[in-house]
2 protein chains.
Amino acid sequence: MLDDRKLAVLRAIVEDYVSTNEPVGSKALAERHNLKVSPATVRNDMAALEEEGYITQPHTSAGRVPTDKGYRLFVDRLSQVKPLSAAERRAIETFLAGAVDLDDVVTRTVRLLAQLTRQVAVVQYPTLTRSTVRHVELVPLTERRVMLVLITNTGRVEQRVVELPEVVEDHRIANLRAVLNACLDGCGLSAVPELVADLPERLPVEDRPAAATILSVLLETLVERHDEKVVFAGAANLAGADFATGLRDVLEALEEQVVLMRLLGETSSDTPSALTVRIGSENPYLRGTSVVATGYGSGDNQLARLGVLGPTRMDYPVTMGAVRAVARYVSQILAAS
Amino acid sequence: MLDDRKLAVLRAIVEDYVSTNEPVGSKALAERHNLKVSPATVRNDMAALEEEGYITQPHTSAGRVPTDKGYRLFVDRLSQVKPLSAAERRAIETFLAGAVDLDDVVTRTVRLLAQLTRQVAVVQYPTLTRSTVRHVELVPLTERRVMLVLITNTGRVEQRVVELPEVVEDHRIANLRAVLNACLDGCGLSAVPELVADLPERLPVEDRPAAATILSVLLETLVERHDEKVVFAGAANLAGADFATGLRDVLEALEEQVVLMRLLGETSSDTPSALTVRIGSENPYLRGTSVVATGYGSGDNQLARLGVLGPTRMDYPVTMGAVRAVARYVSQILAAS
DNA sequence: CTTGGCACTCGGGAACACAGAGTGCTAGAC
DNA sequence: GTCTAGCACTCTGTGTTCCCGAGTGCCAAG
């Protein structure tokens with residue numbers, strides 16, 4: 001159905017259209033990519049490609065433009081991920097290495113990715129569920145209030161102010177802290193609920209109400225934030241591009257955590273570090289945009305996802321290369337700290 | 001020079017232009033705002049206002065549009081801050097009251113403000129320099145690493161991983177923590193540097209290298225972040241508006257912490273809670289936009305600033321009302337926690 | 001299967017006219 | 001003096017027409 005030359009024509013159309021943003025015609029195509037056939041032949045191939053739904057023309061007597069299906073074929077079979085230059089890799093490495101804490105790692109990552117791809121970059125904070133407890137801290141604030149601080153092995157810190165049901169002296173708080181840490185230190189966050197389930201029963205009766213309150217806040221913290229936080233950068237890169245759905249909708253989606261999460265998509269359980277590319281209408285919630293995403297995290301321990309969002313008309317090979325490279329470096333940084 | 005009627009004409013021009021986004025002509029003006037004079041008279045007044053530089057016409061035989069100077073006069077003398085409706089106030093209150101920690105307060109505030117004003121909202125994190133130390137925590141991670149956590153009275157938490165120059169046993173870390181807290185608890189952050197200056201000397205000789213390292217990281221934390229963090233929301237609201245400088249530039253500025261800080265401006269020392277309005281060219285770094293900002297924080301203890309950014313053509317009375325109200329509520333929330 | 005030729009289509013830009021909104025000016029009315 | 005009415009003038013924006021050129025589809029010949 002689609003012989004090699006037709007595929008070559010499709011590839012050429014995608015490449016030209018991505019770089020020029022103008023429908024590409026048979027003549028220009030035959031010239032620019034020495035295909036060794038005449039424009040007329042190219043036209044025949046184009047007709048076939050259009051028949052199959054890989055390309056379309058905005059109006060009669062205009063050049064051809066790839067459809068979502070055309071981009072899909074291009075990404076799957078006609079292109080290779082383009083690796084970054086050595087200079088870019090060095091720049092990434094030094095830039096990320098300068099981060100001082102988890103917040104900083106994420107912020108730097110998202111900015112870096114936006115700059116590299118000239119698209120909007122999206123990074124999900126490392127998921128709590130896969131992390132382990134490094135330390136739990138209880139800081140008395142007033143006699144009826146303590147601050148609960150949860151530190152994970154990914155450097156993430158969650159804190160909550162807890163209102164106690166009764167006055168609790170500092171030494172009892174200290175005791176509770178010791179018990180908590182003994183119980184939880186090094187445990188996976190997902191294991192926390194069952195580990196603390198019977199904890200109040202192992203305490204003196206008078207401490208149980210306070211402990212129960214604190215534990216409920218702790219559990220709440222775990223579920224609430226467990227994978228909600230997503231940040232983005234590079235909105236300015238949208239200014240030039242034109243979206244089917246309108247710039248406003250895209251900007252609105254970017255500020256909705258939930259939508260952003262859906263766009264990044266789920267890590268497929270079998271190959272978590274594979275690049276996911278969703279093109280145009282394949283995308284939930286935001287047709288007309290493409291998303292290139294991947295999981296990150298050290299080895300088998302996938303923490304979260306990151307990626308970029310842009311118009312369907314994007315340079316997929318370059319974008320995919322940048323996303324993959326950044327994911328690797330940030331995984332490395334997180335594993336080291 | 002400018003009698004009452006001319007001022008009324010200017011006010012009418014600003015109001016009409018803001019609501020219609022079209023140059024306003026003498027006839028429509030005379031009708032819509034029963035000025036009780038004829039269009040011809042209005043034209044004379046307009047000529048005078050134009051002479052003085054308060055309004056201008058895009059081209060001959062178009063209506064008039066306010067200049068920056070015109071908006072300035074309008075804001076200073078012709079308008080009153082418009083208070084929010086009772087329903088809006090209730091909505092603000094309940095929405096902000098639901099916040100669980102400082103991050104959440106800031107996030108909710110910035111979103112709320114964006115939604116209320118339909119502009120881009122900008123909120124600076126409460127400044128560390130004005131806060132006080134509530135607790136310092138040292139958590140041993142490995143034998144050569146501790147995590148330093150600094151908790152302030154505003155609920156802000158800063159954490160850093162510190163690489164120690166030598167192996168330090170846990171009980172010495174615990175001791176150091178006790179000393180640090182005894183020394184710093186409740187102190188203003190700005191006082192920290194001098195308070196810890198001679199601290200190593202008061203410790204056993206063997207603890208001094210570790211203490212010095214930890215203290216240097218602590219001081220670094222204080223200066224680095226002291227007022228850098230600024231967040232924004234509502235970028236989608238820019239989609240409709242047209243900026244003299246181009247949408248792209250505005251979006252770029254929003255992602256630059258430094259520029260954002262400059263835009264929010266300094267809290268004037270005498271009246272910290274006053275509304276600051278910078279119109280168009282009065283604005284540094286981003287001509288063509290207006291910024292309405294104010295300080296927030298409880299009473300005399302101004303913590304930081306918040307505000308909105310939008311096109312010069314904005315509804316100043318409403319925007320000012322919203323900014324003021326949100327600043328008050330968030331101050332209240334922060335004071336209570 | 002490929003190629004050259006040819007008639008056809010359609011978008012986009014240039015030229016043009018025209019209606020409408022708005023202005024400035026001047027002379028008269030209060 | 002100040003306001004008003006009238007009038008001539010100047011624009012922009014819109015709709016129309018026209019034409020060029022890029023690009024196509026199809027057909028017949030290599």
# chains A, B, ... in the order shown; residues from 1 in each chain; ligands from 1
$ closest_atom_pairs --of "chain A" --to "chain C" --cutoff "8 Å" --atoms "only C-alpha atoms (C1' of nucleotides)" --output "CSV"
residue,atom,partner,partner_atom,distance
A:Ser38,CA,C:DT3,C1',7.0
A:Ala40,CA,C:DT3,C1',7.0
A:Thr41,CA,C:DT2,C1',6.7
A:His59,CA,C:DC10,C1',7.5
A:Thr60,CA,C:DC10,C1',6.4
A:Ser61,CA,C:DC10,C1',6.2
$ write_last_selection --atoms "N, CA and C atoms" --output "compact mmCIF listing (two decimals), in the first residue's frame"
# COMPACT_ATOMS: atom_id res chain seq x y z
N SER A 38 9.78 13.17 -10.63
CA SER A 38 9.20 14.46 -11.00
C SER A 38 8.07 14.84 -10.06
N ALA A 40 5.15 15.46 -10.75
CA ALA A 40 3.91 14.74 -11.09
C ALA A 40 3.83 13.43 -10.33
N THR A 41 4.95 12.74 -10.26
CA THR A 41 4.97 11.48 -9.52
C THR A 41 4.68 11.72 -8.04
N HIS A 59 -7.20 23.78 1.58
CA HIS A 59 -8.23 24.04 0.58
C HIS A 59 -7.72 23.51 -0.75
N THR A 60 -8.62 23.34 -1.64
CA THR A 60 -8.20 22.87 -2.96
C THR A 60 -7.10 23.80 -3.46
N SER A 61 -6.18 23.23 -4.15
CA SER A 61 -5.10 24.01 -4.74
C SER A 61 -4.25 24.69 -3.69
$ residues_around --residues "segment 28-34 of chain A" --least-positions-apart "3" --cutoff "9 Å" --atoms "only C-alpha atoms (C1' of nucleotides)" --output "list in words"
Val9, Ala12, Ile13, Asp16, Val24, Gly25, Val37, Ser38, Pro39 and Val42 of chain A
$ write_last_selection --atoms "N, CA and C atoms" --output "CSV table (one decimal), in the first residue's frame"
chain,number,residue,atom,x,y,z
A,9,VAL,N,8.1,10.5,0.9
A,9,VAL,CA,7.4,11.7,0.6
A,9,VAL,C,6.7,12.2,1.9
A,12,ALA,N,9.2,13.8,4.1
A,12,ALA,CA,9.6,15.1,3.6
A,12,ALA,C,8.6,16.1,3.9
A,13,ILE,N,7.3,15.7,3.7
A,13,ILE,CA,6.2,16.7,4.0
A,13,ILE,C,6.2,17.1,5.4
A,16,ASP,N,9.3,19.4,6.1
A,16,ASP,CA,9.2,20.7,5.5
A,16,ASP,C,8.1,21.5,6.2
A,24,VAL,N,3.0,22.3,2.0
A,24,VAL,CA,4.1,22.0,1.1
A,24,VAL,C,3.6,21.4,-0.2
A,25,GLY,N,4.0,21.9,-1.3
A,25,GLY,CA,3.6,21.5,-2.6
A,25,GLY,C,4.5,20.5,-3.3
A,37,VAL,N,12.5,12.0,-8.6
A,37,VAL,CA,11.3,11.8,-9.4
A,37,VAL,C,10.7,13.1,-9.7
A,38,SER,N,9.8,13.2,-10.6
A,38,SER,CA,9.2,14.5,-11.0
A,38,SER,C,8.1,14.8,-10.1
A,39,PRO,N,7.8,16.1,-10.1
A,39,PRO,CA,6.6,16.6,-9.2
A,39,PRO,C,5.4,15.8,-9.5
A,42,VAL,N,5.3,12.8,-7.6
A,42,VAL,CA,5.1,13.1,-6.2
A,42,VAL,C,3.6,13.4,-5.9
$ closest_residue --among "A:Leu78, A:Leu286, A:Val123, A:Val291" --to "Arg313 of chain A" --atoms "only C-alpha atoms"
A:Val291
$ interface_residues --of "chain A" --to "chain B" --cutoff "10 Å" --atoms "only C-alpha atoms" --output "JSON, numbers by chain"
{"A": [100, 101, 102, 103, 111, 134, 135, 136, 137, 139, 140, 141, 147, 149, 151, 153, 155, 156, 157, 158, 159, 160, 161, 162, 221, 233, 234, 235, 236, 237, 238, 239, 240, 246, 247, 248, 249, 250, 251, 252, 253, 254, 255, 337]}
$ write_last_selection --atoms "C-alpha atoms" --output "PDB file, in the first residue's frame"
ATOM      1  CA  VAL A 100      20.064  23.019  46.403  1.00  0.00           C
ATOM      2  CA  ASP A 101      16.908  21.112  47.266  1.00  0.00           C
ATOM      3  CA  LEU A 102      14.049  19.210  45.700  1.00  0.00           C
ATOM      4  CA  ASP A 103      12.072  22.311  44.899  1.00  0.00           C
ATOM      5  CA  ARG A 111      12.883  25.696  33.037  1.00  0.00           C
ATOM      6  CA  ARG A 134      13.392   9.527  56.202  1.00  0.00           C
ATOM      7  CA  HIS A 135      12.229  11.324  59.295  1.00  0.00           C
ATOM      8  CA  VAL A 136       9.118  12.475  61.070  1.00  0.00           C
ATOM      9  CA  GLU A 137       9.405  15.540  63.239  1.00  0.00           C
ATOM     10  CA  VAL A 139       7.637  20.497  66.852  1.00  0.00           C
ATOM     11  CA  PRO A 140       5.579  21.911  69.717  1.00  0.00           C
ATOM     12  CA  LEU A 141       4.325  25.356  68.805  1.00  0.00           C
ATOM     13  CA  MET A 147       3.869  21.142  63.670  1.00  0.00           C
ATOM     14  CA  VAL A 149       7.055  17.626  59.411  1.00  0.00           C
ATOM     15  CA  ILE A 151      10.799  14.282  55.297  1.00  0.00           C
ATOM     16  CA  ASN A 153      14.163  10.156  50.904  1.00  0.00           C
ATOM     17  CA  GLY A 155      14.199  15.376  49.799  1.00  0.00           C
ATOM     18  CA  ARG A 156      10.584  16.305  49.860  1.00  0.00           C
ATOM     19  CA  VAL A 157       9.244  17.975  52.977  1.00  0.00           C
ATOM     20  CA  GLU A 158       5.607  18.182  53.943  1.00  0.00           C
ATOM     21  CA  GLN A 159       4.506  20.115  56.956  1.00  0.00           C
ATOM     22  CA  ARG A 160       1.187  20.573  58.708  1.00  0.00           C
ATOM     23  CA  VAL A 161       0.076  22.366  61.802  1.00  0.00           C
ATOM     24  CA  VAL A 162      -1.959  20.025  63.992  1.00  0.00           C
ATOM     25  CA  THR A 221      -0.995  14.485  54.042  1.00  0.00           C
ATOM     26  CA  ALA A 233       7.293  26.757  32.544  1.00  0.00           C
ATOM     27  CA  GLY A 234       7.799  28.313  29.157  1.00  0.00           C
ATOM     28  CA  ALA A 235       4.307  29.636  28.577  1.00  0.00           C
ATOM     29  CA  ALA A 236       5.929  32.387  26.554  1.00  0.00           C
ATOM     30  CA  ASN A 237       6.789  29.804  23.933  1.00  0.00           C
ATOM     31  CA  LEU A 238       3.109  29.461  23.172  1.00  0.00           C
ATOM     32  CA  ALA A 239       2.859  33.062  22.089  1.00  0.00           C
ATOM     33  CA  GLY A 240       3.916  32.386  18.524  1.00  0.00           C
ATOM     34  CA  GLY A 246      -7.215  28.783  21.001  1.00  0.00           C
ATOM     35  CA  LEU A 247      -4.382  29.984  23.162  1.00  0.00           C
ATOM     36  CA  ARG A 248      -6.670  30.777  26.034  1.00  0.00           C
ATOM     37  CA  ASP A 249      -7.782  27.202  26.492  1.00  0.00           C
ATOM     38  CA  VAL A 250      -4.232  25.957  26.530  1.00  0.00           C
ATOM     39  CA  LEU A 251      -3.212  28.474  29.166  1.00  0.00           C
ATOM     40  CA  GLU A 252      -6.209  27.554  31.247  1.00  0.00           C
ATOM     41  CA  ALA A 253      -5.382  23.884  31.052  1.00  0.00           C
ATOM     42  CA  LEU A 254      -1.842  24.604  32.177  1.00  0.00           C
ATOM     43  CA  GLU A 255      -3.118  26.099  35.392  1.00  0.00           C
ATOM     44  CA  SER A 337      21.038  12.960  46.654  1.00  0.00           C
TER      45      SER A 337
END
$ select_by_dssp --residues "segment 36-252 of chain A" --states "strand (DSSP E or B)" --output "PyMOL selection string"
chain A and resi 55-56+64-66+120-124+132-142+145-152+157-163+188+230-233
$ interface_residues --of "chain D" --to "chain A" --cutoff "9 Å" --atoms "only C-alpha atoms (C1' of nucleotides)" --output "ChimeraX atom specification"
/D:22-25
$ atom_distance --atom1 "atom CA of Ala293 of chain B" --atom2 "atom CA of Ser79 of chain B"
16.9 Å
$ atom_distance --atom1 "atom CA of Pro23 of chain A" --atom2 "atom CA of Ile55 of chain A"
10.3 Å
$ select_by_dssp --residues "segment 59-230 of chain B" --states "helix (DSSP H, G or I)" --output "number ranges by chain"
B: 68-78, 86-97, 102-117, 170-184, 189-197, 200-202, 205-224
$ residues_around --residues "Gly310 of chain A" --least-positions-apart "5" --cutoff "10 Å" --atoms "only C-alpha atoms (C1' of nucleotides)" --output "number ranges by chain"
A: 117-121, 235, 237-238, 241-243, 250, 279-280, 288-292, 315, 319
$ atom_distance --atom1 "atom CA of Pro126 of chain B" --atom2 "atom CA of Ala174 of chain A"
29.4 Å
